[in-house]
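A.B. asks: Supplied in structure tokens, the structure appears directly below.
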Amino acid sequence: MIYIIDGSLESLLCAVFEKFERKAAKVYLRLQQHFEPDAFAETLTIHNDAAKADRVWKGLQKKLDRGWMRNFYCCFLSEKAASMESLFEFSCYIFSSEIGAETNYGNEHVLAVAQVAKKVEREKHRMEAFIRFKQSADGIFYCGIDPDFNVIPLIMKHFKDRYADQKWIIYDLKRHYGIFYDLENVEEVYLSIEDQKKLTSSVKELVNDSEHLYANLWTNYFKSTNIVARKNTKLHTQHVPKRYWKYLTEKQNI
């Protein structure tokens, strides 16, 4: 039996519900956008149902601690088809086992979820460390990003707490959505193609007059504190991979 889902968290949880509801012996999970029909395979398209999804989520909360619930969510945010399959098998394994089954790293699905979650957490920390805002002409700070994983839900609290006194937008150019903080609340935003282009634009009219001054000041500070004799490019790129340099003001002229 092949279960076909749309890739949302709700559809994943509903697939777990259907597996146990139907007492299916063996189920393979496939994303709708990647599925190729097979004349010899029996399929079931999973329809989203908030009540079923909520029931499965609450069931997982009874079985897993907060750390593992976060691992589950982080693995989902990786957006990988293989991760969806791992989460499905992981959920089925947890519900079929005694409490504490998540500590069995000999199970391939437990291990897979933990490993992917670790990668997503690493990307989350790097985004928090490497994001640099620019101030627009209307006073809003903004940054366009394209992380490997969908980490915006994970970095929201960090930036709300750290930059609570200014309005800002962080926009995921790859996934075409972002978050906007208005000094009180954080909400999701969706920009037009033209507005997305402006996020990566350096047109003078769009940038605050003092922005270039601050950028030059920071670049000069970075150069003045750099000790050429101790330069270790290999070690530096291990801590700050080159794919993140585009976010860093001090790297723009490299």
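By convention here, the chains of the structure tokens are called A, B, ... in the order presented, each chain's residues are numbered starting at 1, and ligands are numbered starting at 1 in the order presented.
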Env of range 32-49 of chain A: 12 Å cut, atoms = only C-alpha atoms, seq-sep filter 4 positions within chain, self excluded. Answer as a PyMOL selection string.
C.D. replies: chain A and resi 1-19+22+24+26-28+53-56+80-82+84
A.B. asks: Please produce a file of the residues just selected, as an mmCIF file, in the first residue's frame, where the atoms kept are N, CA and C atoms.
C.D. replies:
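Final file, again.cif:
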```
data_model
loop_
_atom_site.group_PDB
_atom_site.id
_atom_site.type_symbol
_atom_site.label_atom_id
_atom_site.label_comp_id
_atom_site.auth_asym_id
_atom_site.auth_seq_id
_atom_site.Cartn_x
_atom_site.Cartn_y
_atom_site.Cartn_z
ATOM 1 N N MET A 1 0.844 -1.193 0.000
ATOM 2 C CA MET A 1 0.000 0.000 0.000
ATOM 3 C C MET A 1 0.876 1.238 0.000
ATOM 4 N N ILE A 2 0.552 2.197 -0.858
ATOM 5 C CA ILE A 2 1.280 3.457 -0.923
ATOM 6 C C ILE A 2 0.343 4.581 -0.495
ATOM 7 N N TYR A 3 0.783 5.350 0.517
ATOM 8 C CA TYR A 3 0.032 6.521 0.940
ATOM 9 C C TYR A 3 0.641 7.754 0.267
ATOM 10 N N ILE A 4 -0.227 8.569 -0.317
ATOM 11 C CA ILE A 4 0.233 9.776 -1.015
ATOM 12 C C ILE A 4 -0.194 10.993 -0.201
ATOM 13 N N ILE A 5 0.778 11.836 0.183
ATOM 14 C CA ILE A 5 0.486 13.032 0.984
ATOM 15 C C ILE A 5 0.932 14.284 0.246
ATOM 16 N N ASP A 6 0.414 15.441 0.678
ATOM 17 C CA ASP A 6 0.768 16.694 0.005
ATOM 18 C C ASP A 6 2.032 17.347 0.570
ATOM 19 N N GLY A 7 2.617 16.759 1.611
ATOM 20 C CA GLY A 7 3.867 17.278 2.160
ATOM 21 C C GLY A 7 3.714 18.158 3.382
ATOM 22 N N SER A 8 2.481 18.456 3.774
ATOM 23 C CA SER A 8 2.261 19.267 4.975
ATOM 24 C C SER A 8 2.390 18.386 6.214
ATOM 25 N N LEU A 9 2.613 19.032 7.357
ATOM 26 C CA LEU A 9 2.706 18.289 8.612
ATOM 27 C C LEU A 9 1.381 17.596 8.909
ATOM 28 N N GLU A 10 0.289 18.257 8.608
ATOM 29 C CA GLU A 10 -1.033 17.677 8.849
ATOM 30 C C GLU A 10 -1.224 16.410 8.029
ATOM 31 N N SER A 11 -0.779 16.423 6.785
ATOM 32 C CA SER A 11 -0.945 15.242 5.926
ATOM 33 C C SER A 11 -0.087 14.082 6.427
ATOM 34 N N LEU A 12 1.106 14.389 6.930
ATOM 35 C CA LEU A 12 1.982 13.355 7.482
ATOM 36 C C LEU A 12 1.337 12.680 8.687
ATOM 37 N N LEU A 13 0.794 13.492 9.587
ATOM 38 C CA LEU A 13 0.157 12.953 10.790
ATOM 39 C C LEU A 13 -1.105 12.166 10.440
ATOM 40 N N CYS A 14 -1.835 12.638 9.438
ATOM 41 C CA CYS A 14 -3.043 11.921 9.006
ATOM 42 C C CYS A 14 -2.680 10.561 8.403
ATOM 43 N N ALA A 15 -1.533 10.491 7.738
ATOM 44 C CA ALA A 15 -1.081 9.221 7.165
ATOM 45 C C ALA A 15 -0.803 8.210 8.276
ATOM 46 N N VAL A 16 -0.216 8.683 9.374
ATOM 47 C CA VAL A 16 0.028 7.808 10.524
ATOM 48 C C VAL A 16 -1.306 7.324 11.096
ATOM 49 N N PHE A 17 -2.261 8.233 11.209
ATOM 50 C CA PHE A 17 -3.587 7.878 11.730
ATOM 51 C C PHE A 17 -4.225 6.791 10.860
ATOM 52 N N GLU A 18 -4.184 6.987 9.535
ATOM 53 C CA GLU A 18 -4.814 6.030 8.621
ATOM 54 C C GLU A 18 -4.135 4.664 8.694
ATOM 55 N N LYS A 19 -2.839 4.653 8.889
ATOM 56 C CA LYS A 19 -2.099 3.389 8.953
ATOM 57 C C LYS A 19 -2.607 2.524 10.102
ATOM 58 N N ARG A 22 -6.554 1.626 9.714
ATOM 59 C CA ARG A 22 -6.815 0.562 8.734
ATOM 60 C C ARG A 22 -6.049 -0.726 9.051
ATOM 61 N N ALA A 24 -3.020 -1.412 8.563
ATOM 62 C CA ALA A 24 -2.212 -1.782 7.397
ATOM 63 C C ALA A 24 -0.890 -2.397 7.842
ATOM 64 N N LYS A 26 2.002 -3.055 5.893
ATOM 65 C CA LYS A 26 3.169 -2.337 5.375
ATOM 66 C C LYS A 26 2.703 -1.203 4.471
ATOM 67 N N VAL A 27 3.182 0.007 4.800
ATOM 68 C CA VAL A 27 2.794 1.191 4.047
ATOM 69 C C VAL A 27 4.041 1.945 3.607
ATOM 70 N N TYR A 28 4.023 2.407 2.372
ATOM 71 C CA TYR A 28 5.090 3.257 1.850
ATOM 72 C C TYR A 28 4.525 4.663 1.668
ATOM 73 N N ALA A 53 -5.055 14.709 12.699
ATOM 74 C CA ALA A 53 -3.671 15.153 12.868
ATOM 75 C C ALA A 53 -3.405 15.543 14.319
ATOM 76 N N ASP A 54 -4.352 16.248 14.922
ATOM 77 C CA ASP A 54 -4.199 16.684 16.304
ATOM 78 C C ASP A 54 -4.144 15.486 17.253
ATOM 79 N N ARG A 55 -4.924 14.481 16.948
ATOM 80 C CA ARG A 55 -4.944 13.274 17.794
ATOM 81 C C ARG A 55 -3.583 12.557 17.758
ATOM 82 N N VAL A 56 -2.993 12.482 16.566
ATOM 83 C CA VAL A 56 -1.685 11.838 16.435
ATOM 84 C C VAL A 56 -0.608 12.678 17.127
ATOM 85 N N LYS A 80 12.710 17.356 3.068
ATOM 86 C CA LYS A 80 13.211 16.279 2.221
ATOM 87 C C LYS A 80 12.200 15.137 2.164
ATOM 88 N N ALA A 81 12.041 14.553 0.986
ATOM 89 C CA ALA A 81 11.115 13.434 0.835
ATOM 90 C C ALA A 81 11.527 12.267 1.724
ATOM 91 N N ALA A 82 12.841 12.012 1.784
ATOM 92 C CA ALA A 82 13.336 10.912 2.616
ATOM 93 C C ALA A 82 13.049 11.167 4.090
ATOM 94 N N MET A 84 10.440 12.802 5.267
ATOM 95 C CA MET A 84 9.015 12.528 5.471
ATOM 96 C C MET A 84 8.790 11.030 5.704
#
```
A.B. asks: I want to know what sits within 10 Å of Leu183 in chain A, based on only C-alpha atoms, with residues of the same chain fewer than 2 positions away left out; could you give that as a list in words?
C.D. replies: Lys160, Tyr163, Ala164, Asp165, Gln166, Lys167, Trp168, Phe180, Tyr181, Asn185 and Val186 of chain A
A.B. asks: Write the selection just made, keeping C-alpha atoms, as a short mmCIF file (atom, residue, chain, number, x, y, z; two decimals), in the first residue's frame?
C.D. replies:
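Printed below is result_19.cif as written:
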```
data_model
loop_
_atom_site.label_atom_id
_atom_site.label_comp_id
_atom_site.auth_asym_id
_atom_site.auth_seq_id
_atom_site.Cartn_x
_atom_site.Cartn_y
_atom_site.Cartn_z
CA LYS A 160 11.98 38.99 18.11
CA TYR A 163 15.68 43.14 17.95
CA ALA A 164 12.57 44.02 19.91
CA ASP A 165 13.02 47.78 19.44
CA GLN A 166 12.97 47.93 15.64
CA LYS A 167 10.76 46.84 12.76
CA TRP A 168 12.26 44.14 10.58
CA PHE A 180 7.60 40.76 9.68
CA TYR A 181 7.95 42.23 13.17
CA ASN A 185 3.85 40.89 16.88
CA VAL A 186 5.53 38.67 14.31
#
```
A.B. asks: Write out as a PyMOL selection string which residues come within 8 Å of range 108-125 of chain A when counting only C-alpha atoms, dropping same-chain ones fewer than 2 positions away.
C.D. replies: chain A and resi 71-75+77-78+83+86-87+89-90+102-106+127-129+147-149+151+154-155
A.B. asks: With N, CA and C atoms retained, write the just-selected residues as a short mmCIF file (atom, residue, chain, number, x, y, z; two decimals), in the first residue's frame.
C.D. replies:
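Okay, part30.cif is ready:
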```
data_model
loop_
_atom_site.label_atom_id
_atom_site.label_comp_id
_atom_site.auth_asym_id
_atom_site.auth_seq_id
_atom_site.Cartn_x
_atom_site.Cartn_y
_atom_site.Cartn_z
N ASN A 71 12.86 17.55 17.75
CA ASN A 71 13.57 16.81 16.71
C ASN A 71 12.61 16.44 15.58
N PHE A 72 11.42 16.02 15.95
CA PHE A 72 10.41 15.64 14.96
C PHE A 72 10.09 16.84 14.07
N TYR A 73 9.85 17.98 14.70
CA TYR A 73 9.48 19.19 13.94
C TYR A 73 10.64 19.66 13.07
N CYS A 74 11.85 19.64 13.61
CA CYS A 74 13.03 20.06 12.84
C CYS A 74 13.23 19.16 11.63
N CYS A 75 13.05 17.87 11.82
CA CYS A 75 13.19 16.93 10.70
C CYS A 75 12.15 17.24 9.63
N LEU A 77 10.93 20.17 8.96
CA LEU A 77 11.33 21.42 8.31
C LEU A 77 12.46 21.24 7.32
N SER A 78 13.08 20.07 7.29
CA SER A 78 14.12 19.82 6.29
C SER A 78 13.52 19.76 4.89
N SER A 83 13.07 12.43 4.50
CA SER A 83 12.79 12.78 5.89
C SER A 83 11.33 12.53 6.23
N SER A 86 11.02 8.93 6.80
CA SER A 86 11.62 8.58 8.09
C SER A 86 10.70 8.95 9.23
N LEU A 87 10.06 10.12 9.15
CA LEU A 87 9.14 10.56 10.20
C LEU A 87 7.92 9.65 10.29
N GLU A 89 7.78 6.41 9.40
CA GLU A 89 8.22 5.14 9.99
C GLU A 89 8.57 5.31 11.46
N PHE A 90 9.17 6.44 11.80
CA PHE A 90 9.52 6.74 13.19
C PHE A 90 8.26 6.79 14.05
N GLU A 102 12.50 5.84 21.54
CA GLU A 102 13.27 6.85 20.79
C GLU A 102 14.76 6.85 21.14
N THR A 103 15.12 6.16 22.19
CA THR A 103 16.54 6.08 22.58
C THR A 103 17.25 4.93 21.87
N ASN A 104 16.51 4.16 21.10
CA ASN A 104 17.10 3.04 20.37
C ASN A 104 17.67 3.51 19.04
N TYR A 105 18.91 3.97 19.06
CA TYR A 105 19.52 4.48 17.84
C TYR A 105 19.93 3.34 16.89
N GLY A 106 19.70 2.12 17.31
CA GLY A 106 19.91 1.00 16.41
C GLY A 106 18.79 0.91 15.39
N MET A 127 21.99 30.77 10.70
CA MET A 127 21.17 31.91 10.27
C MET A 127 21.12 32.98 11.36
N GLU A 128 21.01 32.55 12.60
CA GLU A 128 20.99 33.51 13.71
C GLU A 128 22.31 34.26 13.81
N ALA A 129 23.40 33.59 13.48
CA ALA A 129 24.72 34.20 13.60
C ALA A 129 25.09 35.07 12.41
N PRO A 147 18.13 29.74 3.02
CA PRO A 147 18.73 28.64 3.78
C PRO A 147 18.47 27.29 3.14
N ASP A 148 19.30 26.32 3.51
CA ASP A 148 19.13 24.95 3.00
C ASP A 148 17.81 24.34 3.45
N PHE A 149 17.38 24.72 4.66
CA PHE A 149 16.14 24.17 5.21
C PHE A 149 15.20 25.32 5.60
N VAL A 151 14.03 27.20 8.03
CA VAL A 151 14.33 27.48 9.44
C VAL A 151 13.63 28.73 9.98
N LEU A 154 11.97 28.51 13.26
CA LEU A 154 12.88 28.27 14.38
C LEU A 154 13.64 29.53 14.81
N ILE A 155 13.85 30.47 13.89
CA ILE A 155 14.63 31.67 14.23
C ILE A 155 13.75 32.84 14.66
#
```
A.B. asks: Run DSSP on the backbone and grab whatever in range 100-169 of chain A lands in strand (DSSP E); send it over as JSON, numbers by chain.
C.D. replies: {"A": [134, 135, 141, 142, 143, 144, 145, 168, 169]}
A.B. asks: If you count only C-alpha atoms, which residues fall within 8 Å of range 190-200 of chain A, apart from same-chain ones fewer than 3 positions away, as a PyMOL selection string?
C.D. replies: chain A and resi 142-144+173+176-178+206
A.B. asks: Could you pull out the alpha helix (DSSP H) residues of range 120-213 of chain A from DSSP and send them as a ChimeraX atom specification?
C.D. replies: /A:120-130,152-162,193-199,211-213
A.B. asks: If you measure from CA of Arg243 in chain A to CA of Asp172 in chain A, what distance in Å do you get, rounded to one decimal?
C.D. replies: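 Value for the CA of Arg243 in chain A-CA of Asp172 in chain A distance: 15.1 Å.
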A.B. asks: Skipping near chain neighbours, those fewer than 5 positions away, what residues fall within 8 Å of Leu248 in chain A using only C-alpha atoms, listed as a ChimeraX atom specification?
C.D. replies: /A:130-132
A.B. asks: Given the choices A:Lys23, A:Glu188, A:Cys92, A:Lys242, which gets closest to Pro153 in chain A if the distance is worked out from only C-alpha atoms?
C.D. replies: A:Glu188
